[in-house]
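What follows is the content of input.pdb (PDB, N, CA and C atoms and all ligand atoms).
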ATOM      1  N   MET A   9      46.882 110.304 164.668
ATOM      2  CA  MET A   9      47.903 110.474 163.620
ATOM      3  C   MET A   9      47.883 109.271 162.690
ATOM      4  N   LYS A  10      47.821 109.555 161.466
ATOM      5  CA  LYS A  10      47.757 108.467 160.501
ATOM      6  C   LYS A  10      49.138 107.869 160.270
ATOM      7  N   LYS A  11      49.187 106.585 160.289
ATOM      8  CA  LYS A  11      50.465 105.913 160.108
ATOM      9  C   LYS A  11      50.805 105.838 158.621
ATOM     10  N   LYS A  12      52.046 106.204 158.339
ATOM     11  CA  LYS A  12      52.459 106.168 156.941
ATOM     12  C   LYS A  12      52.729 104.743 156.505
ATOM     13  N   VAL A  13      52.321 104.458 155.323
ATOM     14  CA  VAL A  13      52.604 103.143 154.770
ATOM     15  C   VAL A  13      53.689 103.314 153.718
ATOM     16  N   ASP A  14      54.898 103.079 154.141
ATOM     17  CA  ASP A  14      55.964 103.057 153.142
ATOM     18  C   ASP A  14      56.910 101.929 153.499
ATOM     19  N   HIS A  15      57.779 101.641 152.624
ATOM     20  CA  HIS A  15      58.586 100.444 152.796
ATOM     21  C   HIS A  15      59.881 100.716 153.550
ATOM     22  N   GLY A  16      60.367 101.918 153.440
ATOM     23  CA  GLY A  16      61.666 102.174 154.041
ATOM     24  C   GLY A  16      61.591 102.832 155.399
ATOM     25  N   SER A  17      60.436 103.300 155.781
ATOM     26  CA  SER A  17      60.266 104.069 157.003
ATOM     27  C   SER A  17      61.304 105.184 157.078
ATOM     28  N   THR A  18      61.753 105.527 158.262
ATOM     29  CA  THR A  18      62.661 106.657 158.383
ATOM     30  C   THR A  18      64.041 106.337 157.839
ATOM     31  N   GLU A  19      64.342 105.079 157.699
ATOM     32  CA  GLU A  19      65.649 104.735 157.165
ATOM     33  C   GLU A  19      65.811 105.212 155.729
ATOM     34  N   ASN A  20      64.714 105.470 155.123
ATOM     35  CA  ASN A  20      64.752 105.859 153.728
ATOM     36  C   ASN A  20      64.811 107.370 153.529
ATOM     37  N   SER A  21      64.778 108.082 154.608
ATOM     38  CA  SER A  21      64.794 109.535 154.467
ATOM     39  C   SER A  21      66.220 110.054 154.562
ATOM     40  N   CYS A  22      66.448 111.186 153.934
ATOM     41  CA  CYS A  22      67.756 111.801 154.015
ATOM     42  C   CYS A  22      67.877 112.513 155.348
ATOM     43  N   GLU A  23      69.030 113.115 155.564
ATOM     44  CA  GLU A  23      69.254 113.766 156.844
ATOM     45  C   GLU A  23      68.400 115.017 156.999
ATOM     46  N   TYR A  24      67.866 115.504 155.921
ATOM     47  CA  TYR A  24      66.979 116.657 156.013
ATOM     48  C   TYR A  24      65.532 116.225 156.208
ATOM     49  N   GLY A  25      65.330 114.938 156.251
ATOM     50  CA  GLY A  25      63.994 114.453 156.508
ATOM     51  C   GLY A  25      63.081 114.484 155.309
ATOM     52  N   HIS A  26      63.652 114.573 154.132
ATOM     53  CA  HIS A  26      62.835 114.467 152.927
ATOM     54  C   HIS A  26      62.448 113.008 152.724
ATOM     55  N   VAL A  27      61.256 112.698 153.058
ATOM     56  CA  VAL A  27      60.841 111.315 152.854
ATOM     57  C   VAL A  27      60.194 111.179 151.487
ATOM     58  N   HIS A  28      59.972 109.977 151.110
ATOM     59  CA  HIS A  28      59.387 109.686 149.804
ATOM     60  C   HIS A  28      60.262 110.204 148.673
ATOM     61  N   GLU A  29      61.538 110.282 148.947
ATOM     62  CA  GLU A  29      62.483 110.625 147.895
ATOM     63  C   GLU A  29      63.514 109.506 147.826
ATOM     64  N   GLU A  30      64.083 109.367 146.676
ATOM     65  CA  GLU A  30      65.189 108.424 146.578
ATOM     66  C   GLU A  30      66.396 109.021 147.267
ATOM     67  N   THR A  31      66.982 108.288 148.163
ATOM     68  CA  THR A  31      68.123 108.826 148.893
ATOM     69  C   THR A  31      69.352 107.964 148.661
ATOM     70  N   TRP A  32      70.464 108.579 148.828
ATOM     71  CA  TRP A  32      71.727 107.835 148.701
ATOM     72  C   TRP A  32      72.772 108.532 149.543
ATOM     73  N   TRP A  33      73.844 107.802 149.797
ATOM     74  CA  TRP A  33      74.950 108.367 150.559
ATOM     75  C   TRP A  33      75.936 109.030 149.610
ATOM     76  N   GLU A  34      76.382 110.203 150.024
ATOM     77  CA  GLU A  34      77.479 110.844 149.309
ATOM     78  C   GLU A  34      78.768 110.539 150.060
ATOM     79  N   PHE A  35      79.802 110.241 149.302
ATOM     80  CA  PHE A  35      81.092 109.933 149.893
ATOM     81  C   PHE A  35      82.103 110.999 149.504
ATOM     82  N   ASP A  36      83.081 111.191 150.369
ATOM     83  CA  ASP A  36      84.118 112.142 149.999
ATOM     84  C   ASP A  36      85.149 111.446 149.117
ATOM     85  N   ALA A  37      86.204 112.174 148.771
ATOM     86  CA  ALA A  37      87.179 111.644 147.824
ATOM     87  C   ALA A  37      87.933 110.448 148.393
ATOM     88  N   ARG A  38      87.889 110.286 149.682
ATOM     89  CA  ARG A  38      88.564 109.149 150.313
ATOM     90  C   ARG A  38      87.611 108.006 150.590
ATOM     91  N   GLY A  39      86.403 108.140 150.171
ATOM     92  CA  GLY A  39      85.453 107.060 150.351
ATOM     93  C   GLY A  39      84.774 107.071 151.713
ATOM     94  N   ILE A  40      84.896 108.177 152.408
ATOM     95  CA  ILE A  40      84.258 108.282 153.714
ATOM     96  C   ILE A  40      82.844 108.804 153.526
ATOM     97  N   PRO A  41      81.876 108.129 154.078
ATOM     98  CA  PRO A  41      80.506 108.612 153.924
ATOM     99  C   PRO A  41      80.317 109.971 154.592
ATOM    100  N   LEU A  42      79.729 110.868 153.852
ATOM    101  CA  LEU A  42      79.549 112.222 154.371
ATOM    102  C   LEU A  42      78.136 112.440 154.867
ATOM    103  N   CYS A  43      77.203 112.169 154.015
ATOM    104  CA  CYS A  43      75.833 112.479 154.384
ATOM    105  C   CYS A  43      74.885 111.751 153.450
ATOM    106  N   LYS A  44      73.698 111.594 153.931
ATOM    107  CA  LYS A  44      72.671 110.969 153.126
ATOM    108  C   LYS A  44      71.864 112.088 152.493
ATOM    109  N   VAL A  45      71.696 111.994 151.212
ATOM    110  CA  VAL A  45      71.040 113.088 150.506
ATOM    111  C   VAL A  45      69.937 112.548 149.607
ATOM    112  N   CYS A  46      69.132 113.471 149.157
ATOM    113  CA  CYS A  46      68.194 113.161 148.094
ATOM    114  C   CYS A  46      68.306 114.279 147.064
ATOM    115  N   ASP A  47      67.546 114.180 146.029
ATOM    116  CA  ASP A  47      67.592 115.188 144.979
ATOM    117  C   ASP A  47      67.321 116.585 145.502
ATOM    118  N   ASN A  48      66.503 116.667 146.524
ATOM    119  CA  ASN A  48      66.108 117.978 147.039
ATOM    120  C   ASN A  48      67.220 118.713 147.755
ATOM    121  N   CYS A  49      68.125 117.960 148.346
ATOM    122  CA  CYS A  49      69.101 118.639 149.198
ATOM    123  C   CYS A  49      70.535 118.280 148.842
ATOM    124  N   GLN A  50      70.744 117.557 147.761
ATOM    125  CA  GLN A  50      72.106 117.170 147.397
ATOM    126  C   GLN A  50      73.021 118.386 147.245
ATOM    127  N   ASP A  51      72.566 119.345 146.471
ATOM    128  CA  ASP A  51      73.394 120.520 146.233
ATOM    129  C   ASP A  51      73.670 121.283 147.519
ATOM    130  N   GLU A  52      72.637 121.392 148.311
ATOM    131  CA  GLU A  52      72.781 122.148 149.544
ATOM    132  C   GLU A  52      73.738 121.456 150.496
ATOM    133  N   ARG A  53      73.597 120.137 150.595
ATOM    134  CA  ARG A  53      74.461 119.391 151.508
ATOM    135  C   ARG A  53      75.907 119.422 151.041
ATOM    136  N   LEU A  54      76.125 119.112 149.791
ATOM    137  CA  LEU A  54      77.500 119.047 149.302
ATOM    138  C   LEU A  54      78.123 120.430 149.249
ATOM    139  N   GLY A  55      77.298 121.440 149.116
ATOM    140  CA  GLY A  55      77.807 122.804 149.114
ATOM    141  C   GLY A  55      78.410 123.202 150.442
ATOM    142  N   GLY A  56      78.106 122.436 151.474
ATOM    143  CA  GLY A  56      78.644 122.756 152.784
ATOM    144  C   GLY A  56      80.021 122.169 153.029
ATOM    145  N   TYR A  57      80.506 121.392 152.083
ATOM    146  CA  TYR A  57      81.817 120.785 152.239
ATOM    147  C   TYR A  57      82.833 121.502 151.373
ATOM    148  N   ARG A  58      84.065 121.433 151.821
ATOM    149  CA  ARG A  58      85.122 122.018 151.001
ATOM    150  C   ARG A  58      85.261 121.192 149.731
ATOM    151  N   PRO A  59      85.480 121.845 148.616
ATOM    152  CA  PRO A  59      85.581 121.126 147.337
ATOM    153  C   PRO A  59      86.679 120.084 147.339
ATOM    154  N   ASP A  60      87.783 120.351 148.025
ATOM    155  CA  ASP A  60      88.875 119.382 147.997
ATOM    156  C   ASP A  60      88.506 118.112 148.757
ATOM    157  N   VAL A  61      87.643 118.252 149.711
ATOM    158  CA  VAL A  61      87.206 117.068 150.439
ATOM    159  C   VAL A  61      86.457 116.114 149.514
ATOM    160  N   LEU A  62      85.749 116.699 148.585
ATOM    161  CA  LEU A  62      84.959 115.875 147.678
ATOM    162  C   LEU A  62      85.776 115.365 146.495
ATOM    163  N   GLU A  63      86.833 116.088 146.142
ATOM    164  CA  GLU A  63      87.499 115.780 144.887
ATOM    165  C   GLU A  63      88.945 115.324 145.030
ATOM    166  N   ASP A  64      89.574 115.655 146.129
ATOM    167  CA  ASP A  64      90.995 115.368 146.250
ATOM    168  C   ASP A  64      91.238 114.305 147.320
ATOM    169  N   PRO A  65      91.570 113.097 146.897
ATOM    170  CA  PRO A  65      91.766 112.007 147.867
ATOM    171  C   PRO A  65      92.923 112.253 148.815
ATOM    172  N   SER A  66      93.787 113.187 148.498
ATOM    173  CA  SER A  66      94.928 113.427 149.368
ATOM    174  C   SER A  66      94.662 114.541 150.362
ATOM    175  N   TYR A  67      93.457 115.009 150.390
ATOM    176  CA  TYR A  67      93.147 116.056 151.362
ATOM    177  C   TYR A  67      93.325 115.509 152.760
ATOM    178  N   TRP A  68      93.778 116.355 153.648
ATOM    179  CA  TRP A  68      93.671 116.055 155.058
ATOM    180  C   TRP A  68      94.002 117.322 155.809
ATOM    181  N   SER A  69      93.359 117.568 156.845
ATOM    182  CA  SER A  69      93.679 118.757 157.617
ATOM    183  C   SER A  69      93.168 118.590 159.021
ATOM    184  N   ASP A  70      93.520 119.511 159.845
ATOM    185  CA  ASP A  70      93.053 119.463 161.227
ATOM    186  C   ASP A  70      91.653 120.019 161.354
ATOM    187  N   GLU A  71      91.235 120.717 160.326
ATOM    188  CA  GLU A  71      89.909 121.303 160.409
ATOM    189  C   GLU A  71      88.845 120.229 160.252
ATOM    190  N   PRO A  72      87.809 120.384 160.972
ATOM    191  CA  PRO A  72      86.686 119.456 160.742
ATOM    192  C   PRO A  72      86.111 119.701 159.371
ATOM    193  N   ILE A  73      85.740 118.633 158.714
ATOM    194  CA  ILE A  73      85.184 118.794 157.375
ATOM    195  C   ILE A  73      83.706 119.151 157.428
ATOM    196  N   GLU A  74      83.180 119.099 158.608
ATOM    197  CA  GLU A  74      81.756 119.345 158.725
ATOM    198  C   GLU A  74      81.518 120.256 159.913
ATOM    199  N   ALA A  75      80.627 121.167 159.759
ATOM    200  CA  ALA A  75      80.301 122.040 160.875
ATOM    201  C   ALA A  75      79.714 121.215 162.009
ATOM    202  N   GLU A  76      80.079 121.617 163.196
ATOM    203  CA  GLU A  76      79.551 120.880 164.340
ATOM    204  C   GLU A  76      78.261 121.504 164.809
ATOM    205  N   ASN A  77      77.266 120.711 164.819
ATOM    206  CA  ASN A  77      75.939 121.228 165.158
ATOM    207  C   ASN A  77      75.393 120.628 166.432
ATOM    208  N   TYR A  78      76.266 120.159 167.260
ATOM    209  CA  TYR A  78      75.757 119.481 168.447
ATOM    210  C   TYR A  78      75.381 120.439 169.559
TER     211      TYR A  78
HETATM  212 ZN    ZN B 101      66.761 115.593 151.130
END
As structure tokens - that is how I would like this structure written.
Ligand SMILES: [Zn+2]
Amino acid sequence: MKKKVDHGSTENSCEYGHVHEETWWEFDARGIPLCKVCDNCQDERLGGYRPDVLEDPSYWSDEPIEAENY
């Protein structure tokens, strides 16, 4: 297996494993980090959250804001 030569290694990949993309953390309206995304999956990732979680800092509920995939 050929070893990849990149500077960020896996730390630089988003949660979908898109490497060699610029990645960043998306935060909800309260400043809580939600997920690491890149251009390829930003829409898909954020689409999985309730809009108020992203836009309304006063949101709060008993529901999990994220599906549990464990
Ligand atoms: Zn991605």
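Residues with any atom within 8 Å of Cys46 (chain A), counting only C-alpha atoms and excluding same-chain neighbours fewer than 6 positions away, are Cys22, His26, Glu29, Glu30, Thr31 and Trp32 of chain A.
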Item to check | Who sits within 6 Å of region 52-65 of chain A, only C-alpha atoms, same chain under 6 positions skipped, as number ranges by chain | outcome: A: 36-38
Checklist entry - Mind telling me what the PyMOL selection byres (((not hetatm)) within 6 of (chain B and resi 101)) catches here, as a list in words? => result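 Taken over the shown coordinates, the PyMOL selection byres (((not hetatm)) within 6 of (chain B and resi 101)) returns Cys22, Glu23, Tyr24, Gly25, His26, Val45, Cys46, Asp47, Asn48, Cys49 and Gln50 of chain A.
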Checklist entry - In Å, with one decimal, what is the gap from atom N of His28 (chain A) to atom C of Asp51 (chain A)? => result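 Between these atoms lies a distance of 18.1 Å.
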Item to check | atom C of Ser21 (chain A) to atom C of Cys43 (chain A), distance in Å rounded to a single decimal | outcome: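 Separation between atom C of Ser21 (chain A) and atom C of Cys43 (chain A): 8.9 Å.
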Checklist entry - Per DSSP on the backbone, what are the alpha helix (DSSP H) residues of region 11-63 of chain A, as a list in words? => result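 Taking region 11-63 of chain A and keeping alpha helix (DSSP H) only, one gets Gln50, Asp51, Glu52, Arg53, Leu54, Pro59, Asp60, Val61, Leu62 and Glu63 of chain A.
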Checklist entry - What are the DSSP strand (DSSP E) residues of region 24-59 of chain A, as a list in words? => result Thr31, Trp32, Trp33, Glu34, Phe35, Pro41, Leu42, Cys43, Lys44, Val45 and Cys46 of chain A
